[in-house]
>>> print(open('protein-v4.cif').read())   # mmCIF, C-alpha atoms
data_data
loop_
_atom_site.label_atom_id
_atom_site.label_comp_id
_atom_site.auth_asym_id
_atom_site.auth_seq_id
_atom_site.Cartn_x
_atom_site.Cartn_y
_atom_site.Cartn_z
CA MET A 191 22.04 -8.99 30.32
CA GLY A 192 21.80 -5.42 31.62
CA LEU A 193 19.45 -2.66 30.52
CA SER A 194 22.29 -0.92 28.70
CA ASP A 195 22.73 -4.06 26.61
CA TYR A 196 19.06 -4.06 25.59
CA THR A 197 19.32 -0.39 24.68
CA THR A 198 22.36 -1.01 22.49
CA LEU A 199 20.84 -4.10 20.87
CA SER A 200 17.70 -2.16 19.93
CA ARG A 201 19.91 0.42 18.26
CA GLN A 202 21.92 -2.29 16.48
CA ARG A 203 18.75 -3.80 15.10
CA GLY A 204 17.63 -0.47 13.66
CA LEU A 205 21.07 0.17 12.14
CA THR A 206 21.02 -3.26 10.50
CA ARG A 207 17.65 -2.51 8.92
CA GLU A 208 18.87 0.88 7.71
CA MET A 209 22.00 -0.68 6.21
CA GLN A 210 19.83 -3.13 4.27
CA LEU A 211 17.71 -0.30 2.86
CA ILE A 212 20.78 1.76 1.94
CA ALA A 213 22.29 -1.20 0.10
CA ASN A 214 19.00 -1.68 -1.76
CA ASN A 215 18.89 2.02 -2.66
CA ILE A 216 22.40 1.92 -4.10
CA ALA A 217 21.62 -1.27 -6.02
CA ASN A 218 18.59 0.48 -7.59
CA SER A 219 20.25 3.82 -8.28
CA ALA A 220 19.92 3.14 -12.03
CA THR A 221 16.40 1.66 -11.88
CA THR A 222 13.84 3.75 -13.74
CA GLY A 223 11.22 5.24 -11.42
CA TYR A 224 12.73 3.83 -8.21
CA ARG A 225 11.96 5.78 -5.00
CA GLN A 226 14.62 5.98 -2.28
CA GLN A 227 13.85 4.43 1.11
CA GLY A 228 15.06 5.22 4.60
CA VAL A 229 14.32 4.31 8.21
CA MET A 230 12.53 6.48 10.74
CA PHE A 231 13.86 6.00 14.26
CA SER A 232 11.68 6.51 17.31
CA GLU A 233 12.34 6.33 21.04
CA TYR A 234 10.61 3.89 23.36
CA VAL A 235 10.80 4.62 27.09
CA GLN A 236 9.94 1.93 29.64
CA ARG A 237 9.61 2.56 33.37
CA THR A 238 11.67 0.17 35.51
CA ASP A 239 12.50 -0.52 39.12
CA GLU A 240 16.19 0.02 38.38
CA PRO A 241 18.07 3.15 39.52
CA GLY A 242 17.08 5.99 37.23
CA GLY A 243 13.50 4.81 36.89
CA SER A 244 13.37 4.16 33.15
CA VAL A 245 15.21 2.76 30.14
CA SER A 246 15.22 4.24 26.65
CA MET A 247 15.35 2.13 23.51
CA SER A 248 15.43 3.14 19.86
CA LEU A 249 13.11 1.59 17.30
CA GLY A 250 13.86 1.61 13.58
CA GLU A 251 10.83 -0.24 12.25
CA VAL A 252 9.14 2.34 10.02
CA LYS A 253 10.27 2.68 6.41
CA ASN A 254 10.18 6.14 4.90
CA THR A 255 9.93 6.59 1.11
CA SER A 256 11.13 9.73 -0.65
CA PHE A 257 8.81 10.86 -3.43
CA ALA A 258 11.11 13.62 -4.66
CA GLN A 259 11.22 13.68 -8.44
CA GLY A 260 14.17 12.03 -10.15
CA THR A 261 15.96 13.39 -13.20
CA LEU A 262 14.02 13.17 -16.47
CA THR A 263 16.19 11.49 -19.08
CA ARG A 264 15.51 11.72 -22.81
CA THR A 265 15.25 8.40 -24.62
CA SER A 266 13.35 9.44 -27.78
CA SER A 267 11.34 6.20 -27.59
CA GLN A 268 7.67 6.77 -28.43
CA TYR A 269 6.62 4.34 -25.67
CA ASP A 270 8.66 5.98 -22.91
CA PHE A 271 6.76 8.43 -20.70
CA ALA A 272 7.61 10.50 -17.64
CA ILE A 273 5.46 12.57 -15.31
CA GLU A 274 6.75 16.01 -14.44
CA GLY A 275 5.44 16.89 -11.00
CA ASP A 276 2.78 14.99 -9.07
CA GLY A 277 1.17 11.78 -10.20
CA PHE A 278 1.66 8.08 -10.92
CA PHE A 279 0.89 5.85 -13.85
CA LEU A 280 -1.76 3.24 -13.20
CA VAL A 281 -1.01 -0.42 -14.04
CA GLN A 282 -2.74 -3.75 -13.52
CA ALA A 283 -0.56 -6.12 -11.47
CA PRO A 284 -1.57 -9.69 -10.47
CA GLY A 285 -2.67 -8.42 -7.04
CA GLY A 286 -4.71 -5.52 -8.37
CA GLU A 287 -4.18 -1.94 -9.53
CA ARG A 288 -0.81 -0.46 -8.67
CA LEU A 289 0.86 2.95 -9.02
CA THR A 290 4.28 3.55 -10.53
CA ARG A 291 6.57 6.33 -11.75
CA ALA A 292 8.41 3.94 -14.09
CA GLY A 293 7.07 4.85 -17.53
CA ALA A 294 9.28 2.73 -19.81
CA PHE A 295 6.46 0.85 -21.53
CA VAL A 296 6.24 -1.58 -24.43
CA VAL A 297 3.44 -2.68 -26.75
CA GLY A 298 2.63 -6.38 -26.96
CA PRO A 299 1.82 -8.30 -30.14
CA GLU A 300 -1.92 -7.76 -29.57
CA GLY A 301 -1.54 -4.00 -29.13
CA ASP A 302 -1.74 -3.82 -25.33
CA MET A 303 0.58 -1.28 -23.73
CA MET A 304 2.38 -2.85 -20.77
CA THR A 305 5.31 -2.61 -18.42
CA PRO A 306 8.48 -4.66 -19.10
CA ASP A 307 7.10 -7.17 -16.54
CA GLY A 308 3.95 -7.65 -18.61
CA TYR A 309 1.54 -5.61 -16.45
CA ALA A 310 -1.13 -3.78 -18.45
CA VAL A 311 -0.98 0.01 -18.46
CA LEU A 312 -4.41 1.43 -17.60
CA ASP A 313 -6.20 4.44 -19.00
CA SER A 314 -8.04 7.17 -17.11
CA GLY A 315 -11.07 4.88 -16.80
CA GLY A 316 -9.14 1.90 -15.46
CA ALA A 317 -9.18 -0.09 -18.72
CA PRO A 318 -6.05 -1.42 -20.49
CA VAL A 319 -4.50 1.00 -22.98
CA PHE A 320 -4.75 -0.40 -26.51
CA VAL A 321 -2.61 0.78 -29.42
CA PRO A 322 -4.12 -0.21 -32.82
CA PRO A 323 -1.75 -2.23 -35.05
CA ASN A 324 -1.98 0.41 -37.79
CA ALA A 325 -1.22 3.30 -35.44
CA THR A 326 1.65 5.47 -36.63
CA ASP A 327 3.34 8.57 -35.23
CA LEU A 328 2.10 7.88 -31.70
CA ALA A 329 2.01 11.09 -29.69
CA VAL A 330 0.91 12.03 -26.18
CA GLY A 331 -0.53 15.29 -24.94
CA GLN A 332 0.38 16.92 -21.66
CA ASP A 333 -2.74 15.43 -20.07
CA GLY A 334 -1.75 11.90 -21.17
CA THR A 335 -4.03 11.73 -24.22
CA LEU A 336 -2.61 9.34 -26.81
CA SER A 337 -3.14 10.02 -30.49
CA SER A 338 -2.12 8.55 -33.83
CA ASP A 339 -2.13 10.58 -37.03
CA GLY A 340 -3.88 13.32 -35.06
CA GLN A 341 -6.71 11.06 -33.89
CA PRO A 342 -7.10 10.29 -30.15
CA ILE A 343 -6.88 6.60 -29.27
CA GLY A 344 -6.84 6.72 -25.46
CA GLN A 345 -5.54 8.48 -22.38
CA LEU A 346 -2.93 7.30 -19.91
CA GLY A 347 -4.23 7.11 -16.36
CA VAL A 348 -2.33 9.59 -14.17
CA VAL A 349 -3.46 9.41 -10.55
CA GLN A 350 -2.44 10.57 -7.10
CA PRO A 351 -2.87 8.53 -3.89
CA VAL A 352 -5.26 9.96 -1.33
CA ASN A 353 -2.64 9.37 1.37
CA PRO A 354 0.90 9.02 -0.06
CA ALA A 355 2.37 8.19 3.36
CA ALA A 356 0.15 5.11 3.61
CA MET A 357 1.24 3.55 0.31
CA ALA A 358 2.93 0.16 0.45
CA ARG A 359 5.83 -0.63 -1.85
CA GLU A 360 5.63 -3.74 -4.02
CA GLY A 361 8.18 -5.06 -6.49
CA GLY A 362 10.64 -2.20 -6.29
CA VAL A 363 8.81 0.41 -8.42
CA LEU A 364 5.16 -0.47 -7.74
CA PHE A 365 3.03 0.95 -4.93
CA ARG A 366 -0.29 -0.18 -3.47
CA ALA A 367 -2.63 2.63 -2.44
CA ASP A 368 -4.90 0.98 0.12
CA GLU A 369 -6.67 4.25 0.90
CA GLY A 370 -7.48 4.86 -2.74
CA TYR A 371 -6.38 7.32 -5.39
CA GLU A 372 -7.82 10.09 -7.50
CA PRO A 373 -7.06 11.58 -10.94
CA VAL A 374 -4.45 14.33 -11.15
CA GLU A 375 -6.25 17.45 -12.34
CA ASN A 376 -3.50 18.90 -14.51
CA PRO A 377 -0.87 16.22 -15.18
CA ARG A 378 2.28 16.90 -17.18
CA VAL A 379 3.15 13.80 -19.20
CA MET A 380 6.27 13.91 -21.36
CA GLN A 381 6.86 11.49 -24.23
CA GLY A 382 10.34 10.22 -25.06
CA PHE A 383 11.54 10.62 -21.47
CA VAL A 384 11.83 8.36 -18.43
CA GLU A 385 12.28 9.37 -14.82
CA SER A 386 15.51 8.14 -13.29
CA SER A 387 15.79 6.84 -9.74
CA ASN A 388 15.75 9.61 -7.14
CA VAL A 389 18.54 7.92 -5.17
CA ASP A 390 21.45 10.23 -4.32
CA SER A 391 24.25 7.67 -4.52
CA ILE A 392 26.90 9.92 -2.98
CA LEU A 393 24.79 10.72 0.08
CA GLN A 394 23.77 7.08 0.40
CA VAL A 395 27.39 5.91 0.42
CA ALA A 396 28.23 8.57 3.00
CA ARG A 397 25.31 7.44 5.15
CA MET A 398 26.39 3.81 4.77
CA ILE A 399 29.79 4.71 6.25
CA GLU A 400 28.11 6.53 9.16
CA VAL A 401 25.83 3.56 9.87
CA GLN A 402 28.73 1.13 9.72
CA ARG A 403 30.75 3.19 12.20
CA ALA A 404 27.78 3.51 14.55
CA TYR A 405 27.22 -0.24 14.38
CA GLU A 406 30.89 -0.94 15.15
CA MET A 407 30.71 1.39 18.16
CA GLY A 408 27.73 -0.56 19.44
CA GLN A 409 29.53 -3.85 18.96
CA ASN A 410 32.57 -2.55 20.83
CA PHE A 411 30.36 -1.42 23.71
CA LEU A 412 28.66 -4.82 23.93
CA GLN A 413 32.04 -6.56 23.90
CA ARG A 414 33.44 -4.34 26.67
CA GLU A 415 30.26 -4.81 28.73
CA ASP A 416 30.52 -8.57 28.32
CA GLU A 417 34.15 -8.51 29.47
CA ARG A 418 33.19 -6.36 32.46
CA VAL A 419 30.43 -8.74 33.53
CA ARG A 420 32.68 -11.76 33.12
CA ALA A 421 35.37 -10.10 35.23
CA ALA A 422 32.83 -9.24 37.93
CA ILE A 423 31.56 -12.84 38.02
CA LYS A 424 35.08 -14.23 38.32
CA ALA A 425 35.89 -11.82 41.13
CA PHE A 426 32.68 -12.77 42.96
CA VAL A 427 33.37 -16.52 42.59
CA LYS A 428 36.86 -16.13 44.02
#
>>> encode(input="protein-v4.cif", output="structure tokens")
Amino acid sequence: MGLSDYTTLSRQRGLTREMQLIANNIANSATTGYRQQGVMFSEYVQRTDEPGGSVSMSLGEVKNTSFAQGTLTRTSSQYDFAIEGDGFFLVQAPGGERLTRAGAFVVGPEGDMMTPDGYAVLDSGGAPVFVPPNATDLAVGQDGTLSSDGQPIGQLGVVQPVNPAAMAREGGVLFRADEGYEPVENPRVMQGFVESSNVDSILQVARMIEVQRAYEMGQNFLQREDERVRAAIKAFVK
């Protein structure tokens, strides 16, 4: 296998990974709070003893997440919340505290506010948010303060990761902030709204077509190179 083959194969591998992410983005285009993913390509240059002195390969190993805000959609549900601007809701997942922009919450039979997956929603102090059984007319202030009949009953935790680029995605709409997080100073929480996925389906489909064409070009090159090598070997044997 020649150096040109290795170069093409490295590109094919990156395109395959990007196609997988694009397909996942499109599949989650209607998922509340989903953040679009992409692939960052980088170039790796290796010195060789071949003519030219070096070979260049492309690497598509790093995932890039877009944190652009999605459309805020009105639902009128008193347990649906959306953050306008910076910030994430804080929830308690089995592996620890996680951040999410998906604010379609429910209240369990014991009064605990939770995600549809059963993860507890945490308040500004890191404790589970509790809604009393007799609470009526639940309302939320801009800062996330929950109240019932005009009396405060808690405050939704709205936080910001110290290093957003270092967050790791878990479970589609959950993120793990290994470098920590801090409270958002002036959050804007809206009740009766949820944030839609920030996936641009049209652009993603267009990119999928571009990736597919690029992959096919790579396959055609590898096939022609294989035929050339086979022909050279046959000619040498004769």
>>> atom_distance(input="protein-v4.cif", atom1="atom CA of A:Ala292", atom2="atom CA of A:Pro354")
16.7 Å
>>> residues_around(input="protein-v4.cif", residues="A:Ala367", least_positions_apart="3", cutoff="9 Å", atoms="only C-alpha atoms", output="JSON, numbers by chain")
{"A": [287, 288, 289, 351, 352, 353, 354, 356, 357, 358, 370, 371]}
>>> residues_near_point(input="protein-v4.cif", point="(1.4, 5.6, -36.2)", cutoff="10 Å", atoms="all atoms listed in the file", output="list in words")
Val321, Pro322, Pro323, Asn324, Ala325, Thr326, Asp327, Leu328, Ala329, Ser337, Ser338, Asp339 and Gly340 of chain A
>>> atom_distance(input="protein-v4.cif", atom1="atom CA of A:Ala294", atom2="atom CA of A:Thr222")
7.7 Å
>>> resolve_selection(input="protein-v4.cif", expression="the PyMOL selection byres ((chain A and resi 331) around 9)", output="ChimeraX atom specification")
/A:329-330,332-337,345,378-381
>>> resolve_selection(input="protein-v4.cif", expression="the PyMOL selection byres ((chain A and resi 279-281) around 7)", output="ChimeraX atom specification")
/A:277-278,282-283,287-291,309-312,347-349
>>> axis_aligned_box(input="protein-v4.cif", around="stretch 289-300 of chain A", padding_each_side="5 Å", output="lines of an AutoDock Vina configuration file")
center_x = 3.7
center_y = -1.0
center_z = -19.6
size_x = 21.2
size_y = 24.6
size_z = 31.1
>>> residues_around(input="protein-v4.cif", residues="A:Asp390", least_positions_apart="4", cutoff="12 Å", atoms="only C-alpha atoms", output="JSON list (two decimals) with C-alpha atoms, in the frame of the given file")
[["chain", "number", "residue", "atom", "x", "y", "z"],
["A", 212, "ILE", "CA", 20.78, 1.76, 1.94],
["A", 215, "ASN", "CA", 18.89, 2.02, -2.66],
["A", 216, "ILE", "CA", 22.40, 1.92, -4.10],
["A", 217, "ALA", "CA", 21.62, -1.27, -6.02],
["A", 218, "ASN", "CA", 18.59, 0.48, -7.59],
["A", 219, "SER", "CA", 20.25, 3.82, -8.28],
["A", 220, "ALA", "CA", 19.92, 3.14, -12.03],
["A", 224, "TYR", "CA", 12.73, 3.83, -8.21],
["A", 225, "ARG", "CA", 11.96, 5.78, -5.00],
["A", 226, "GLN", "CA", 14.62, 5.98, -2.28],
["A", 227, "GLN", "CA", 13.85, 4.43, 1.11],
["A", 256, "SER", "CA", 11.13, 9.73, -0.65],
["A", 258, "ALA", "CA", 11.11, 13.62, -4.66],
["A", 259, "GLN", "CA", 11.22, 13.68, -8.44],
["A", 260, "GLY", "CA", 14.17, 12.03, -10.15],
["A", 261, "THR", "CA", 15.96, 13.39, -13.20],
["A", 386, "SER", "CA", 15.51, 8.14, -13.29],
["A", 394, "GLN", "CA", 23.77, 7.08, 0.40],
["A", 395, "VAL", "CA", 27.39, 5.91, 0.42],
["A", 396, "ALA", "CA", 28.23, 8.57, 3.00],
["A", 397, "ARG", "CA", 25.31, 7.44, 5.15]]
>>> residues_around(input="protein-v4.cif", residues="A:Val384", least_positions_apart="3", cutoff="7 Å", atoms="all atoms listed in the file", output="number ranges by chain")
A: 222, 262-264, 270-272, 293-294
>>> closest_residue(input="protein-v4.cif", among="A:Gly344, A:Pro299, A:Gly285, A:Gly228", to="A:Asn214", atoms="all atoms listed in the file")
A:Gly228
>>> atom_distance(input="protein-v4.cif", atom1="atom CA of A:Asp276", atom2="atom CA of A:Pro373")
10.6 Å
>>> resolve_selection(input="protein-v4.cif", expression="the PyMOL selection byres ((chain A and resi 408) around 10)", output="PDB file with C-alpha atoms, in the frame of the given file")
ATOM      1  CA  ASP A 195      22.730  -4.060  26.610  1.00  0.00           C
ATOM      2  CA  THR A 197      19.320  -0.390  24.680  1.00  0.00           C
ATOM      3  CA  THR A 198      22.360  -1.010  22.490  1.00  0.00           C
ATOM      4  CA  LEU A 199      20.840  -4.100  20.870  1.00  0.00           C
ATOM      5  CA  ARG A 201      19.910   0.420  18.260  1.00  0.00           C
ATOM      6  CA  GLN A 202      21.920  -2.290  16.480  1.00  0.00           C
ATOM      7  CA  LEU A 205      21.070   0.170  12.140  1.00  0.00           C
ATOM      8  CA  GLN A 402      28.730   1.130   9.720  1.00  0.00           C
ATOM      9  CA  ARG A 403      30.750   3.190  12.200  1.00  0.00           C
ATOM     10  CA  ALA A 404      27.780   3.510  14.550  1.00  0.00           C
ATOM     11  CA  TYR A 405      27.220  -0.240  14.380  1.00  0.00           C
ATOM     12  CA  GLU A 406      30.890  -0.940  15.150  1.00  0.00           C
ATOM     13  CA  MET A 407      30.710   1.390  18.160  1.00  0.00           C
ATOM     14  CA  GLN A 409      29.530  -3.850  18.960  1.00  0.00           C
ATOM     15  CA  ASN A 410      32.570  -2.550  20.830  1.00  0.00           C
ATOM     16  CA  PHE A 411      30.360  -1.420  23.710  1.00  0.00           C
ATOM     17  CA  LEU A 412      28.660  -4.820  23.930  1.00  0.00           C
ATOM     18  CA  GLN A 413      32.040  -6.560  23.900  1.00  0.00           C
ATOM     19  CA  ARG A 414      33.440  -4.340  26.670  1.00  0.00           C
TER      20      ARG A 414
END
>>> closest_residue(input="protein-v4.cif", among="A:Met230, A:Leu346, A:Ile273, A:Val401", to="A:Glu385", atoms="all atoms listed in the file")
A:Ile273
>>> closest_residue(input="protein-v4.cif", among="A:Thr206, A:Leu211, A:Glu375, A:Glu300", to="A:Gly275", atoms="only C-alpha atoms")
A:Glu375
>>> closest_residue(input="protein-v4.cif", among="A:Glu274, A:Pro284, A:Ile343, A:Ala425", to="A:Pro377", atoms="all atoms listed in the file")
A:Glu274
>>> build_atoms(input="protein-v4.cif", residues="stretch 389-421 of chain A", atoms="N, CA and C atoms", output="PDB file, in the frame of the given file")
ATOM      1  N   VAL A 389      17.503   8.239  -6.142  1.00  0.00           N
ATOM      2  CA  VAL A 389      18.540   7.920  -5.170  1.00  0.00           C
ATOM      3  C   VAL A 389      19.752   8.833  -5.374  1.00  0.00           C
ATOM      4  N   ASP A 390      20.206   9.460  -4.295  1.00  0.00           N
ATOM      5  CA  ASP A 390      21.450  10.230  -4.320  1.00  0.00           C
ATOM      6  C   ASP A 390      22.558   9.293  -3.867  1.00  0.00           C
ATOM      7  N   SER A 391      23.270   8.715  -4.827  1.00  0.00           N
ATOM      8  CA  SER A 391      24.250   7.670  -4.520  1.00  0.00           C
ATOM      9  C   SER A 391      25.357   8.160  -3.598  1.00  0.00           C
ATOM     10  N   ILE A 392      25.812   9.390  -3.801  1.00  0.00           N
ATOM     11  CA  ILE A 392      26.900   9.920  -2.980  1.00  0.00           C
ATOM     12  C   ILE A 392      26.471  10.028  -1.520  1.00  0.00           C
ATOM     13  N   LEU A 393      25.281  10.593  -1.287  1.00  0.00           N
ATOM     14  CA  LEU A 393      24.790  10.720   0.080  1.00  0.00           C
ATOM     15  C   LEU A 393      24.507   9.356   0.697  1.00  0.00           C
ATOM     16  N   GLN A 394      24.054   8.415  -0.121  1.00  0.00           N
ATOM     17  CA  GLN A 394      23.770   7.080   0.400  1.00  0.00           C
ATOM     18  C   GLN A 394      25.048   6.359   0.820  1.00  0.00           C
ATOM     19  N   VAL A 395      26.115   6.514   0.039  1.00  0.00           N
ATOM     20  CA  VAL A 395      27.390   5.910   0.420  1.00  0.00           C
ATOM     21  C   VAL A 395      27.927   6.545   1.696  1.00  0.00           C
ATOM     22  N   ALA A 396      27.786   7.876   1.789  1.00  0.00           N
ATOM     23  CA  ALA A 396      28.230   8.570   3.000  1.00  0.00           C
ATOM     24  C   ALA A 396      27.453   8.097   4.217  1.00  0.00           C
ATOM     25  N   ARG A 397      26.142   7.927   4.038  1.00  0.00           N
ATOM     26  CA  ARG A 397      25.310   7.440   5.150  1.00  0.00           C
ATOM     27  C   ARG A 397      25.667   6.002   5.507  1.00  0.00           C
ATOM     28  N   MET A 398      26.000   5.192   4.508  1.00  0.00           N
ATOM     29  CA  MET A 398      26.390   3.810   4.770  1.00  0.00           C
ATOM     30  C   MET A 398      27.629   3.761   5.669  1.00  0.00           C
ATOM     31  N   ILE A 399      28.584   4.657   5.422  1.00  0.00           N
ATOM     32  CA  ILE A 399      29.790   4.710   6.250  1.00  0.00           C
ATOM     33  C   ILE A 399      29.437   5.111   7.678  1.00  0.00           C
ATOM     34  N   GLU A 400      28.526   6.089   7.829  1.00  0.00           N
ATOM     35  CA  GLU A 400      28.110   6.530   9.160  1.00  0.00           C
ATOM     36  C   GLU A 400      27.420   5.390   9.918  1.00  0.00           C
ATOM     37  N   VAL A 401      26.543   4.664   9.233  1.00  0.00           N
ATOM     38  CA  VAL A 401      25.830   3.560   9.870  1.00  0.00           C
ATOM     39  C   VAL A 401      26.800   2.457  10.278  1.00  0.00           C
ATOM     40  N   GLN A 402      27.746   2.172   9.406  1.00  0.00           N
ATOM     41  CA  GLN A 402      28.730   1.130   9.720  1.00  0.00           C
ATOM     42  C   GLN A 402      29.552   1.496  10.948  1.00  0.00           C
ATOM     43  N   ARG A 403      29.965   2.744  11.038  1.00  0.00           N
ATOM     44  CA  ARG A 403      30.750   3.190  12.200  1.00  0.00           C
ATOM     45  C   ARG A 403      29.906   3.131  13.475  1.00  0.00           C
ATOM     46  N   ALA A 404      28.658   3.553  13.379  1.00  0.00           N
ATOM     47  CA  ALA A 404      27.780   3.510  14.550  1.00  0.00           C
ATOM     48  C   ALA A 404      27.555   2.069  14.994  1.00  0.00           C
ATOM     49  N   TYR A 405      27.418   1.165  14.041  1.00  0.00           N
ATOM     50  CA  TYR A 405      27.220  -0.240  14.380  1.00  0.00           C
ATOM     51  C   TYR A 405      28.461  -0.818  15.066  1.00  0.00           C
ATOM     52  N   GLU A 406      29.645  -0.459  14.549  1.00  0.00           N
ATOM     53  CA  GLU A 406      30.890  -0.940  15.150  1.00  0.00           C
ATOM     54  C   GLU A 406      31.057  -0.410  16.572  1.00  0.00           C
ATOM     55  N   MET A 407      30.651   0.838  16.802  1.00  0.00           N
ATOM     56  CA  MET A 407      30.710   1.390  18.160  1.00  0.00           C
ATOM     57  C   MET A 407      29.813   0.594  19.098  1.00  0.00           C
ATOM     58  N   GLY A 408      28.635   0.232  18.629  1.00  0.00           N
ATOM     59  CA  GLY A 408      27.730  -0.560  19.440  1.00  0.00           C
ATOM     60  C   GLY A 408      28.299  -1.934  19.750  1.00  0.00           C
ATOM     61  N   GLN A 409      28.917  -2.545  18.751  1.00  0.00           N
ATOM     62  CA  GLN A 409      29.530  -3.850  18.960  1.00  0.00           C
ATOM     63  C   GLN A 409      30.664  -3.776  19.976  1.00  0.00           C
ATOM     64  N   ASN A 410      31.461  -2.722  19.880  1.00  0.00           N
ATOM     65  CA  ASN A 410      32.570  -2.550  20.830  1.00  0.00           C
ATOM     66  C   ASN A 410      32.048  -2.366  22.249  1.00  0.00           C
ATOM     67  N   PHE A 411      30.947  -1.616  22.380  1.00  0.00           N
ATOM     68  CA  PHE A 411      30.360  -1.420  23.710  1.00  0.00           C
ATOM     69  C   PHE A 411      29.882  -2.743  24.283  1.00  0.00           C
ATOM     70  N   LEU A 412      29.164  -3.527  23.457  1.00  0.00           N
ATOM     71  CA  LEU A 412      28.660  -4.820  23.930  1.00  0.00           C
ATOM     72  C   LEU A 412      29.808  -5.748  24.335  1.00  0.00           C
ATOM     73  N   GLN A 413      30.892  -5.703  23.575  1.00  0.00           N
ATOM     74  CA  GLN A 413      32.040  -6.560  23.900  1.00  0.00           C
ATOM     75  C   GLN A 413      32.682  -6.133  25.220  1.00  0.00           C
ATOM     76  N   ARG A 414      32.848  -4.822  25.417  1.00  0.00           N
ATOM     77  CA  ARG A 414      33.440  -4.340  26.670  1.00  0.00           C
ATOM     78  C   ARG A 414      32.523  -4.640  27.855  1.00  0.00           C
ATOM     79  N   GLU A 415      31.211  -4.514  27.654  1.00  0.00           N
ATOM     80  CA  GLU A 415      30.260  -4.810  28.730  1.00  0.00           C
ATOM     81  C   GLU A 415      30.301  -6.287  29.088  1.00  0.00           C
ATOM     82  N   ASP A 416      30.432  -7.137  28.061  1.00  0.00           N
ATOM     83  CA  ASP A 416      30.520  -8.570  28.320  1.00  0.00           C
ATOM     84  C   ASP A 416      31.785  -8.903  29.126  1.00  0.00           C
ATOM     85  N   GLU A 417      32.886  -8.277  28.749  1.00  0.00           N
ATOM     86  CA  GLU A 417      34.150  -8.510  29.470  1.00  0.00           C
ATOM     87  C   GLU A 417      34.041  -8.015  30.908  1.00  0.00           C
ATOM     88  N   ARG A 418      33.351  -6.887  31.103  1.00  0.00           N
ATOM     89  CA  ARG A 418      33.190  -6.360  32.460  1.00  0.00           C
ATOM     90  C   ARG A 418      32.379  -7.296  33.333  1.00  0.00           C
ATOM     91  N   VAL A 419      31.278  -7.825  32.771  1.00  0.00           N
ATOM     92  CA  VAL A 419      30.430  -8.740  33.530  1.00  0.00           C
ATOM     93  C   VAL A 419      31.177 -10.024  33.869  1.00  0.00           C
ATOM     94  N   ARG A 420      31.915 -10.539  32.872  1.00  0.00           N
ATOM     95  CA  ARG A 420      32.680 -11.760  33.120  1.00  0.00           C
ATOM     96  C   ARG A 420      33.713 -11.557  34.231  1.00  0.00           C
ATOM     97  N   ALA A 421      34.368 -10.394  34.200  1.00  0.00           N
ATOM     98  CA  ALA A 421      35.370 -10.100  35.230  1.00  0.00           C
ATOM     99  C   ALA A 421      34.731  -9.988  36.600  1.00  0.00           C
TER     100      ALA A 421
END
